[in-house]
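Heads up, run.cif below (mmCIF, C-alpha atoms):
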```
data_protein
#
loop_
_atom_site.label_atom_id
_atom_site.label_comp_id
_atom_site.auth_asym_id
_atom_site.auth_seq_id
_atom_site.Cartn_x
_atom_site.Cartn_y
_atom_site.Cartn_z
CA MET E 768 -47.18 1.82 -40.51
CA SER E 769 -49.32 -0.63 -42.38
CA GLU E 770 -52.87 -1.82 -42.73
CA GLN E 771 -51.46 -5.36 -42.45
CA PRO E 772 -50.48 -6.52 -38.97
CA LEU E 773 -46.76 -5.91 -38.50
CA ARG E 774 -44.42 -7.42 -35.95
CA GLY E 775 -42.90 -4.68 -33.79
CA TRP E 776 -39.32 -4.45 -32.63
CA CYS E 777 -38.08 -5.59 -29.27
CA GLU E 778 -34.95 -4.36 -27.51
CA ARG E 779 -32.25 -7.07 -27.42
CA GLU E 780 -32.06 -7.10 -23.62
CA VAL E 781 -35.83 -7.55 -23.37
CA GLN E 782 -35.91 -10.20 -26.08
CA GLN E 783 -33.16 -12.20 -24.37
CA GLU E 784 -34.78 -11.98 -20.98
CA LEU E 785 -38.37 -12.54 -22.10
CA PRO E 786 -38.34 -14.74 -25.20
CA GLY E 787 -41.79 -15.00 -26.73
CA LEU E 788 -42.67 -11.42 -25.87
CA GLY E 789 -43.75 -9.59 -28.98
CA LEU E 790 -45.84 -6.75 -30.25
CA MET E 791 -47.98 -6.65 -33.36
CA SER E 792 -49.51 -3.48 -34.69
CA VAL E 793 -51.74 -2.33 -37.48
CA THR E 794 -52.80 1.08 -38.69
CA VAL E 795 -56.46 1.66 -39.43
CA GLU E 796 -57.74 4.50 -41.59
CA LEU E 797 -61.20 5.42 -40.41
CA ASP E 798 -64.14 6.62 -42.39
CA GLY E 799 -64.37 10.35 -41.63
CA SER E 800 -68.06 10.15 -40.81
CA ARG E 801 -67.58 7.68 -37.94
CA SER E 802 -66.68 8.86 -34.47
CA LEU E 803 -64.88 6.39 -32.25
CA THR E 804 -66.74 7.42 -29.13
CA ARG E 805 -70.22 7.30 -30.65
CA ALA E 806 -72.66 4.58 -29.64
CA SER E 807 -71.86 1.22 -31.19
CA PRO E 808 -73.98 -0.06 -34.10
CA PRO E 809 -76.58 -2.75 -33.28
CA ALA E 810 -74.34 -5.57 -34.57
CA VAL E 811 -71.58 -4.67 -32.10
CA ARG E 812 -74.01 -4.30 -29.19
CA SER E 813 -75.60 -7.61 -30.08
CA ARG E 814 -72.16 -9.28 -30.10
CA LEU E 815 -71.48 -7.87 -26.62
CA ARG E 816 -74.77 -9.32 -25.37
CA GLU E 817 -73.91 -12.68 -26.92
CA LEU E 818 -70.51 -12.69 -25.20
CA SER E 819 -72.11 -11.67 -21.91
CA ASN E 820 -74.34 -14.74 -22.12
CA ARG E 821 -71.38 -16.95 -22.91
CA TRP E 822 -69.33 -15.74 -19.96
CA ARG E 823 -71.06 -16.87 -16.81
CA GLY E 824 -69.75 -17.34 -13.28
CA ALA E 825 -68.38 -20.85 -13.65
CA ARG E 826 -66.31 -19.99 -16.71
CA ALA E 827 -65.17 -16.73 -15.13
CA VAL E 828 -63.77 -18.62 -12.15
CA HIS E 829 -61.79 -21.00 -14.35
CA VAL E 830 -60.56 -18.42 -16.88
CA ARG E 831 -57.19 -18.25 -15.10
CA GLN E 832 -56.62 -21.89 -16.08
CA GLU E 833 -57.32 -21.50 -19.79
CA PRO E 834 -54.08 -21.68 -21.84
CA ILE E 835 -53.86 -18.09 -23.11
CA PRO E 836 -55.02 -16.30 -19.94
CA ALA E 837 -52.67 -18.60 -17.97
CA ALA E 838 -49.78 -17.56 -20.23
CA TYR E 839 -50.46 -13.90 -19.42
CA ARG E 840 -50.67 -14.69 -15.69
CA VAL E 841 -47.27 -16.42 -15.79
CA PHE E 842 -45.80 -13.54 -17.78
CA PHE E 843 -47.15 -11.02 -15.25
CA ARG E 844 -45.36 -12.90 -12.46
CA GLN E 845 -42.14 -12.93 -14.48
CA ILE E 846 -42.19 -9.15 -14.88
CA GLY E 847 -42.94 -8.48 -11.23
CA LEU E 848 -46.70 -7.97 -11.39
CA ASP E 849 -49.08 -9.91 -9.17
CA PRO E 850 -51.98 -10.89 -11.47
CA ASP E 851 -54.33 -11.01 -8.49
CA ILE E 852 -53.62 -7.31 -7.84
CA ALA E 853 -52.80 -5.94 -11.30
CA ARG E 854 -55.18 -8.17 -13.24
CA THR E 855 -54.44 -9.47 -16.70
CA PRO E 856 -56.65 -7.73 -19.32
CA ILE E 857 -58.88 -10.76 -19.93
CA GLU E 858 -59.43 -11.37 -16.22
CA ALA E 859 -60.13 -7.67 -15.62
CA ALA E 860 -62.74 -7.69 -18.41
CA VAL E 861 -64.40 -10.87 -17.13
CA LEU E 862 -64.46 -9.57 -13.54
CA GLU E 863 -66.07 -6.35 -14.78
CA ARG E 864 -68.67 -8.41 -16.66
CA MET E 865 -69.49 -10.28 -13.42
CA ILE E 866 -69.84 -7.04 -11.45
CA ASP E 867 -71.85 -5.20 -14.12
CA GLY E 868 -73.96 -8.20 -15.12
CA GLY E 869 -72.76 -8.03 -18.71
CA PHE E 870 -70.25 -6.45 -21.04
CA LEU E 871 -71.69 -2.95 -21.15
CA SER E 872 -71.41 -0.86 -24.28
CA GLU E 873 -69.03 2.08 -23.81
CA GLY E 874 -68.72 3.44 -27.33
CA LEU E 875 -67.52 1.97 -30.60
CA LEU E 876 -63.77 1.75 -30.00
CA ALA E 877 -64.02 0.47 -26.42
CA ASP E 878 -66.57 -2.14 -27.49
CA VAL E 879 -64.50 -3.34 -30.43
CA LEU E 880 -61.42 -3.71 -28.22
CA THR E 881 -63.46 -5.59 -25.59
CA ILE E 882 -64.94 -7.98 -28.16
CA ALA E 883 -61.50 -8.75 -29.59
CA LEU E 884 -60.10 -9.33 -26.10
CA ILE E 885 -62.93 -11.63 -25.05
CA ASP E 886 -62.83 -13.58 -28.31
CA THR E 887 -59.08 -14.25 -28.36
CA ALA E 888 -57.90 -13.44 -24.78
CA VAL E 889 -55.18 -11.30 -26.40
CA PRO E 890 -55.36 -7.64 -25.31
CA VAL E 891 -55.38 -4.81 -27.83
CA TRP E 892 -54.78 -1.11 -27.24
CA ALA E 893 -55.40 1.82 -29.55
CA LEU E 894 -53.29 4.92 -30.09
CA ASP E 895 -53.89 8.00 -32.16
CA ALA E 896 -51.72 7.14 -35.20
CA ASP E 897 -50.96 10.81 -35.83
CA GLN E 898 -49.19 10.89 -32.46
CA VAL E 899 -47.04 7.85 -33.26
CA ASN E 900 -43.63 8.36 -34.80
CA GLY E 901 -42.26 5.24 -36.47
CA PRO E 902 -42.85 1.58 -35.74
CA LEU E 903 -43.85 0.44 -32.27
CA GLY E 904 -41.80 -1.85 -30.11
CA ILE E 905 -41.05 -2.90 -26.57
CA ARG E 906 -38.10 -1.65 -24.56
CA VAL E 907 -36.98 -0.65 -21.09
CA SER E 908 -37.48 2.97 -20.06
CA ARG E 909 -34.46 5.13 -19.45
CA ALA E 910 -33.75 7.42 -16.52
CA GLN E 911 -35.82 10.62 -16.51
CA GLU E 912 -38.04 9.52 -19.39
CA ARG E 913 -41.68 10.52 -19.34
CA LEU E 914 -44.71 8.61 -20.55
CA GLY E 915 -45.76 10.20 -23.84
CA ARG E 916 -44.50 13.27 -25.61
CA SER E 917 -46.38 15.68 -23.41
CA ALA E 918 -44.56 17.43 -20.58
CA GLU E 919 -47.51 16.47 -18.37
CA GLY E 920 -46.72 12.78 -18.82
CA PRO E 921 -45.80 11.00 -15.59
CA GLY E 922 -42.13 10.23 -15.03
CA LEU E 923 -41.28 6.58 -15.58
CA GLY E 924 -37.90 6.11 -13.97
CA ALA E 925 -35.40 3.68 -15.40
CA GLY E 926 -36.09 0.03 -16.06
CA ARG E 927 -39.83 -0.16 -16.70
CA LEU E 928 -41.11 -2.12 -19.65
CA VAL E 929 -42.78 0.20 -22.10
CA VAL E 930 -44.28 0.27 -25.55
CA ALA E 931 -42.42 2.95 -27.47
CA ASP E 932 -42.12 4.47 -30.91
CA ALA E 933 -38.88 5.84 -32.36
CA GLU E 934 -39.10 8.85 -30.07
CA CYS E 935 -40.53 8.07 -26.62
CA PRO E 936 -42.52 5.60 -24.51
CA LEU E 937 -46.20 5.72 -25.48
CA ALA E 938 -47.59 3.25 -22.97
CA ILE E 939 -46.53 1.18 -20.00
CA LEU E 940 -46.57 -2.49 -20.95
CA PHE E 941 -50.06 -3.74 -19.97
CA GLY E 942 -50.66 -0.35 -18.40
CA GLN E 943 -51.76 3.18 -19.06
CA LEU E 944 -51.32 5.04 -22.33
CA GLY E 945 -49.35 8.28 -22.45
CA PRO E 946 -51.44 11.44 -22.17
CA GLY E 947 -52.25 12.85 -25.59
CA HIS E 948 -51.74 9.51 -27.33
CA GLU E 949 -55.20 8.09 -26.63
CA PRO E 950 -57.62 8.28 -29.56
CA SER E 951 -60.22 11.01 -29.33
CA SER E 952 -63.61 11.35 -31.00
CA SER E 953 -61.97 13.19 -33.92
CA THR E 954 -59.17 10.67 -34.50
CA GLN E 955 -59.04 9.58 -38.14
CA ARG E 956 -56.13 7.11 -38.03
CA LEU E 957 -55.58 4.53 -35.34
CA THR E 958 -52.60 2.42 -34.44
CA LEU E 959 -53.78 -0.77 -32.80
CA PHE E 960 -51.28 -2.96 -31.02
CA ALA E 961 -51.49 -6.35 -29.38
CA VAL E 962 -48.96 -7.77 -26.94
CA GLN E 963 -48.10 -11.42 -27.30
CA VAL E 964 -46.26 -13.42 -24.65
CA ALA E 965 -44.68 -16.89 -24.57
CA GLY E 966 -47.41 -19.49 -24.99
CA VAL E 967 -49.68 -17.28 -27.08
CA PRO E 968 -49.73 -18.21 -30.79
CA ALA E 969 -49.00 -15.36 -33.19
CA LEU E 970 -52.21 -16.29 -34.98
CA HIS E 971 -54.23 -15.11 -31.98
CA ALA E 972 -52.47 -11.75 -31.92
CA GLU E 973 -53.07 -11.32 -35.65
CA GLU E 974 -56.67 -12.42 -35.34
CA THR E 975 -57.38 -9.93 -32.57
CA LEU E 976 -56.01 -7.09 -34.72
CA TRP E 977 -57.91 -8.22 -37.81
CA ALA E 978 -61.12 -8.45 -35.78
CA CYS E 979 -60.70 -4.88 -34.52
CA ARG E 980 -59.78 -3.57 -37.94
CA SER E 981 -62.77 -5.25 -39.60
CA ALA E 982 -65.20 -3.93 -37.02
CA LEU E 983 -63.81 -0.40 -37.18
CA VAL E 984 -63.77 -0.05 -40.96
CA GLY E 985 -67.17 -1.66 -41.21
CA GLU E 986 -66.22 -4.83 -43.02
CA GLY E 987 -67.17 -7.16 -40.19
CA MET N 1207 -2.51 -15.14 7.30
CA ALA N 1208 -6.18 -15.82 7.76
CA HIS N 1209 -8.05 -17.55 4.95
CA THR N 1210 -10.30 -14.55 4.24
CA GLU N 1211 -7.32 -12.17 4.11
CA GLN N 1212 -5.63 -14.40 1.57
CA LEU N 1213 -8.68 -14.27 -0.70
CA VAL N 1214 -8.66 -10.49 -0.61
CA VAL N 1215 -4.97 -10.33 -1.35
CA ASP N 1216 -5.34 -12.71 -4.25
CA ARG N 1217 -8.04 -10.58 -5.88
CA GLN N 1218 -6.14 -7.35 -5.31
CA GLY N 1219 -2.93 -8.86 -6.59
CA ARG N 1220 -4.42 -9.75 -9.96
CA GLY N 1221 -2.33 -8.65 -12.93
CA LEU N 1222 -3.44 -6.21 -15.61
CA TRP N 1223 -4.22 -8.99 -18.06
CA PRO N 1224 -6.87 -11.50 -17.06
CA SER N 1225 -5.67 -15.08 -16.84
CA ALA N 1226 -7.22 -17.81 -18.98
CA SER N 1227 -9.25 -19.05 -16.02
CA ASP N 1228 -10.62 -15.50 -15.40
CA ALA N 1229 -11.69 -15.25 -19.03
CA CYS N 1230 -13.46 -18.60 -18.79
CA PHE N 1231 -15.17 -17.50 -15.61
CA GLU N 1232 -16.34 -14.20 -17.15
CA GLN N 1233 -17.59 -16.06 -20.22
CA ALA N 1234 -19.41 -18.69 -18.17
CA ARG N 1235 -21.04 -16.23 -15.77
CA PRO N 1236 -23.71 -14.79 -18.12
CA THR N 1237 -24.56 -18.29 -19.34
CA ALA N 1238 -24.89 -19.59 -15.78
CA ASP N 1239 -26.84 -16.50 -14.80
CA ARG N 1240 -29.20 -16.95 -17.74
CA ALA N 1241 -29.67 -20.63 -16.98
CA ALA N 1242 -30.51 -19.76 -13.37
CA ARG N 1243 -33.02 -17.15 -14.48
CA GLU N 1244 -34.63 -19.56 -16.93
CA ALA N 1245 -34.89 -22.19 -14.20
CA LEU N 1246 -36.47 -19.64 -11.84
CA LYS N 1247 -38.95 -18.55 -14.50
CA GLY N 1248 -39.89 -22.17 -15.12
CA GLN N 1249 -40.47 -22.66 -11.40
CA ILE N 1250 -42.58 -19.49 -11.24
CA ALA N 1251 -44.69 -20.74 -14.16
CA LYS N 1252 -45.23 -24.11 -12.49
CA LEU N 1253 -46.14 -22.54 -9.14
CA GLU N 1254 -48.50 -20.06 -10.80
CA ARG N 1255 -50.35 -22.87 -12.59
CA GLU N 1256 -50.56 -24.83 -9.35
CA LEU N 1257 -51.91 -21.82 -7.45
CA SER N 1258 -54.46 -21.08 -10.18
CA GLY N 1259 -55.67 -24.67 -10.09
CA LEU N 1260 -56.09 -24.63 -6.32
CA VAL N 1261 -57.91 -21.30 -6.31
CA ALA N 1262 -60.22 -22.23 -9.20
CA HIS N 1263 -61.18 -25.60 -7.73
CA THR N 1264 -61.91 -24.26 -4.26
CA PHE N 1265 -63.79 -21.15 -5.33
CA PRO N 1266 -65.30 -19.27 -3.49
CA HIS N 1267 -63.87 -20.54 -0.23
CA ILE N 1268 -60.25 -19.57 -0.76
CA SER N 1269 -59.22 -16.09 -1.78
CA PRO N 1270 -56.49 -15.78 -4.39
CA HIS N 1271 -55.39 -12.55 -2.76
CA ASP N 1272 -51.94 -12.64 -1.25
CA GLN N 1273 -52.04 -10.27 1.72
CA ALA N 1274 -48.26 -10.23 1.97
CA GLY N 1275 -47.75 -9.89 -1.78
CA GLU N 1276 -45.31 -7.24 -2.93
CA LEU N 1277 -46.54 -4.60 -5.32
CA LEU N 1278 -43.62 -3.66 -7.51
CA SER N 1279 -43.70 -0.37 -9.34
CA GLY N 1280 -44.84 -1.53 -12.74
CA PRO N 1281 -43.58 -4.14 -15.18
CA ARG N 1282 -39.81 -4.54 -15.33
CA LEU N 1283 -37.03 -6.98 -16.09
CA LEU N 1284 -36.41 -8.73 -12.82
CA SER N 1285 -32.97 -9.37 -11.42
CA LEU N 1286 -31.99 -12.84 -10.28
CA GLY N 1287 -32.73 -11.76 -6.70
CA ASP N 1288 -36.16 -10.40 -7.68
CA LEU N 1289 -37.01 -13.64 -9.49
CA GLU N 1290 -35.95 -15.61 -6.42
CA ARG N 1291 -38.16 -13.42 -4.23
CA VAL N 1292 -41.15 -13.90 -6.59
CA ARG N 1293 -40.55 -17.67 -6.67
CA ASP N 1294 -40.19 -17.90 -2.88
CA ARG N 1295 -43.27 -15.79 -2.22
CA LEU N 1296 -45.28 -17.85 -4.70
CA ALA N 1297 -44.05 -21.12 -3.18
CA LEU N 1298 -45.04 -19.84 0.26
CA ARG N 1299 -48.45 -18.80 -1.06
CA VAL N 1300 -49.02 -22.21 -2.67
CA GLY N 1301 -48.15 -23.77 0.70
CA GLU N 1302 -50.57 -21.44 2.50
CA VAL N 1303 -53.35 -22.19 0.02
CA GLN N 1304 -52.70 -25.93 0.26
CA GLY N 1305 -53.01 -25.56 4.05
CA GLU N 1306 -56.31 -23.69 3.64
CA VAL N 1307 -57.53 -26.37 1.20
CA GLY N 1308 -56.66 -29.03 3.80
CA GLU N 1309 -58.49 -27.12 6.55
CA ARG N 1310 -61.45 -26.66 4.27
CA ALA N 1311 -61.56 -30.37 3.42
CA ALA N 1312 -61.43 -31.22 7.15
CA LEU N 1313 -64.30 -28.81 7.88
CA GLU N 1314 -66.40 -30.36 5.11
CA ARG N 1315 -65.65 -33.86 6.40
CA ARG N 1316 -66.64 -32.89 9.95
CA SER N 1317 -69.82 -31.16 8.73
CA ARG N 1318 -70.87 -34.20 6.67
CA GLU N 1319 -70.30 -36.49 9.61
CA LEU N 1320 -72.29 -34.17 11.89
CA LEU N 1321 -75.16 -34.05 9.40
CA ARG N 1322 -75.15 -37.83 9.14
CA ARG N 1323 -75.44 -38.13 12.93
CA MET N 1324 -78.11 -35.39 13.08
CA LYS N 1325 -80.20 -37.36 10.61
CA LEU N 1326 -79.79 -40.59 12.62
CA GLU N 1327 -80.54 -39.08 16.04
CA PRO N 1328 -82.11 -35.63 15.70
CA GLY N 1329 -83.08 -35.60 19.40
CA ARG N 1330 -79.44 -35.53 20.44
CA TYR N 1331 -78.66 -32.49 18.28
CA LYS N 1332 -81.47 -30.09 19.17
CA CYS N 1333 -81.31 -26.81 17.23
CA VAL N 1334 -77.89 -27.64 15.73
CA ARG N 1335 -77.32 -25.96 12.38
CA VAL N 1336 -75.01 -27.02 9.52
CA PRO N 1337 -74.68 -24.56 6.65
CA VAL N 1338 -74.83 -26.25 3.24
CA ALA N 1339 -71.75 -24.26 2.23
CA ASP N 1340 -69.77 -26.13 4.92
CA LEU N 1341 -70.62 -29.40 3.17
CA GLY N 1342 -68.75 -28.25 0.07
CA ASP N 1343 -71.87 -28.07 -2.07
CA GLY N 1344 -71.42 -24.37 -2.62
CA HIS N 1345 -75.11 -23.54 -2.24
CA CYS N 1346 -76.91 -21.39 0.25
CA GLY N 1347 -79.17 -23.02 2.84
CA VAL N 1348 -78.86 -24.53 6.29
CA TRP N 1349 -79.57 -27.99 7.68
CA GLU N 1350 -81.16 -27.56 11.10
CA VAL N 1351 -82.63 -29.83 13.77
CA ARG N 1352 -86.04 -28.32 14.58
CA PRO N 1353 -89.04 -29.46 16.61
CA ARG N 1354 -91.93 -30.95 14.65
CA LEU N 1355 -95.11 -28.85 15.15
CA GLY N 1356 -93.22 -26.09 16.98
CA LEU N 1357 -93.76 -25.88 20.74
CA ILE N 1358 -95.71 -29.16 20.87
CA GLY N 1359 -92.86 -31.03 19.23
CA MET N 1360 -90.38 -29.35 21.54
CA LEU N 1361 -92.32 -30.50 24.63
CA ALA N 1362 -92.97 -33.95 23.20
CA GLY N 1363 -89.42 -34.46 21.99
CA TRP N 1364 -90.32 -34.74 18.30
CA TRP N 1365 -87.23 -33.47 16.46
CA GLN N 1366 -86.47 -33.52 12.76
CA VAL N 1367 -83.74 -32.34 10.39
CA LYS N 1368 -84.98 -29.67 7.98
CA LEU N 1369 -83.24 -27.92 5.11
CA SER N 1370 -84.09 -24.25 4.88
CA SER N 1371 -83.23 -22.75 1.54
CA GLY N 1372 -81.95 -19.47 2.96
CA CYS N 1373 -81.36 -18.12 -0.53
CA PRO N 1374 -82.34 -14.55 -1.17
#
```
Take the structure in the file and write it out as structure tokens.
Amino acid sequence: MSEQPLRGWCEREVQQELPGLGLMSVTVELDGSRSLTRASPPAVRSRLRELSNRWRGARAVHVRQEPIPAAYRVFFRQIGLDPDIARTPIEAAVLERMIDGGFLSEGLLADVLTIALIDTAVPVWALDADQVNGPLGIRVSRAQERLGRSAEGPGLGAGRLVVADAECPLAILFGQLGPGHEPSSSTQRLTLFAVQVAGVPALHAEETLWACRSALVGEG
Amino acid sequence: MAHTEQLVVDRQGRGLWPSASDACFEQARPTADRAAREALKGQIAKLERELSGLVAHTFPHISPHDQAGELLSGPRLLSLGDLERVRDRLALRVGEVQGEVGERAALERRSRELLRRMKLEPGRYKCVRVPVADLGDGHCGVWEVRPRLGLIGMLAGWWQVKLSSGCP
């Protein structure tokens, strides 16, 4: 794992079927004194307020037509998800902002991931890096595989698209993380990953990871 | 021998070694399959963009929700049949939404015409109401033919068109 964004692997079958699908990840070493679930610093909260003001009803309605959100909508259709039922991350965040009246602060890590998502429209997820074994990539789940290393992880069944390390699936693509792999308040190393689809420039995926990294290590 | 029987016999009677034409067929099949899938994915992308455009431009009158939409169990690589089903469902949905857009446009046209006539001859449209939303303006409020000065106007036949804001 690296502190520079790295391109993840992609199973040949997946790559052939879904060209343009890619994963980028970065490992972030955190300052021991900072808890990920603590309240966000004023700069982060202020950025959330600024984004809340920028995202009003009219823009929220048309977000599905913007190039990057539209690329995720098309991709969702192509993998059997209805984006009006299982919303794309950017649309889910914008809908939540409309319902709540703003992007509400939910702790440092959640806020940083939300800001990166709203800024670039590319979703980012965080894993506890100590629970990740080897580089991340995208593949199809195999029969009788479970989500995560824990025995409590839900069964996946064969054929689902998952984000995996060298050992097991850690997250469903655009879905839930495996139990035990989510960062906790005591997590000291994070693996952040962004999922890029056809029509989304790699620059956006890199930018979203850099933005998260900068905010979390206090450079931003 | 019937035609169908002959086909079965031919396939069963194939030798151990594939013929040159079989090899060509096997080689061409994945390519053709891939081309078909790519074409379907292109059609899905086009339909999705079309649907998004229709929904965004008619907001909030038309729901994007597809009542008959299938909820598959999580993200997966779709088979050719699955892709065809997604494409067909999406095409049907675009058709449904286009129909709703047409109905909506007709309603707005009728409402505008009614309002125009109400303004010309309010006395012929006593107490008729036209919601502003039905005019396609997207605001709250109602155009209504009401008597001027209440009961006096009602008895004297003094009618006027008023816009009540109706907004909370």
Give me, as JSON, numbers by chain, the residues of chain N touching chain E, with the criterion being at most 10 Å (counting all atoms listed in the file). {"N": [1240, 1243, 1244, 1246, 1247, 1248, 1250, 1251, 1252, 1253, 1254, 1255, 1256, 1257, 1258, 1259, 1261, 1262, 1263, 1264, 1265, 1266, 1269, 1270, 1271, 1272, 1275, 1276, 1277, 1278, 1279, 1280, 1281, 1282, 1283, 1284, 1285, 1288, 1289, 1291, 1292, 1293, 1296]}
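Nearest to N:Glu1302 of all the residues N:Ile1268, N:Leu1321, N:Val1348, N:Val1338 is N:Ile1268, counting only C-alpha atoms.
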Do you know which residues are at most 8 Å from E:Glu796 counting all atoms listed in the file, after dropping those on the same chain fewer than 5 positions away, and could you put them as a list in words? Gln955, Arg956, Leu957 and Val984 of chain E
Report, as AutoDock Vina command-line options, the centre and edge lengths in Å (one decimal) of the axis-aligned box enclosing every listed atom of stretch 1262-1268 of chain N, padded by 6 Å on each side.
```
--center_x -62.8 --center_y -22.4 --center_z -4.7 --size_x 17.1 --size_y 18.3 --size_z 21.0
```
Can you work out the spacing between atom CA of E:Cys979 and atom CA of E:Val899 in Å, to one decimal?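 Distance between the two atoms: 18.7 Å.
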Residues selected by the PyMOL selection byres ((chain E and resi 974) around 12), written as a PyMOL selection string: chain E and resi 771-772+791-793+882-884+886-891+960-961+963+967-973+975-981
Written as a list in words, what is the full residue list that the PyMOL selection byres ((chain N and resi 1335) around 6) yields on the file shown?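 Written out, the selection comes to Val1334, Val1336, Trp1349 and Glu1350 of chain N.
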Just give me the gap between atom CA of N:Ser1317 and atom CA of N:Arg1299 in Å, one decimal is fine. 26.6 Å
Can you work out the spacing between atom CA of N:Asp1343 and atom CA of N:Ser1370 in Å, to one decimal?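 Rounded to one decimal, the two atoms are 14.6 Å apart.
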The PyMOL selection byres ((chain E and resi 804-806) around 12) applied to the shown file, residues as a PyMOL selection string: chain E and resi 800-803+807-812+871-879+949-954+983
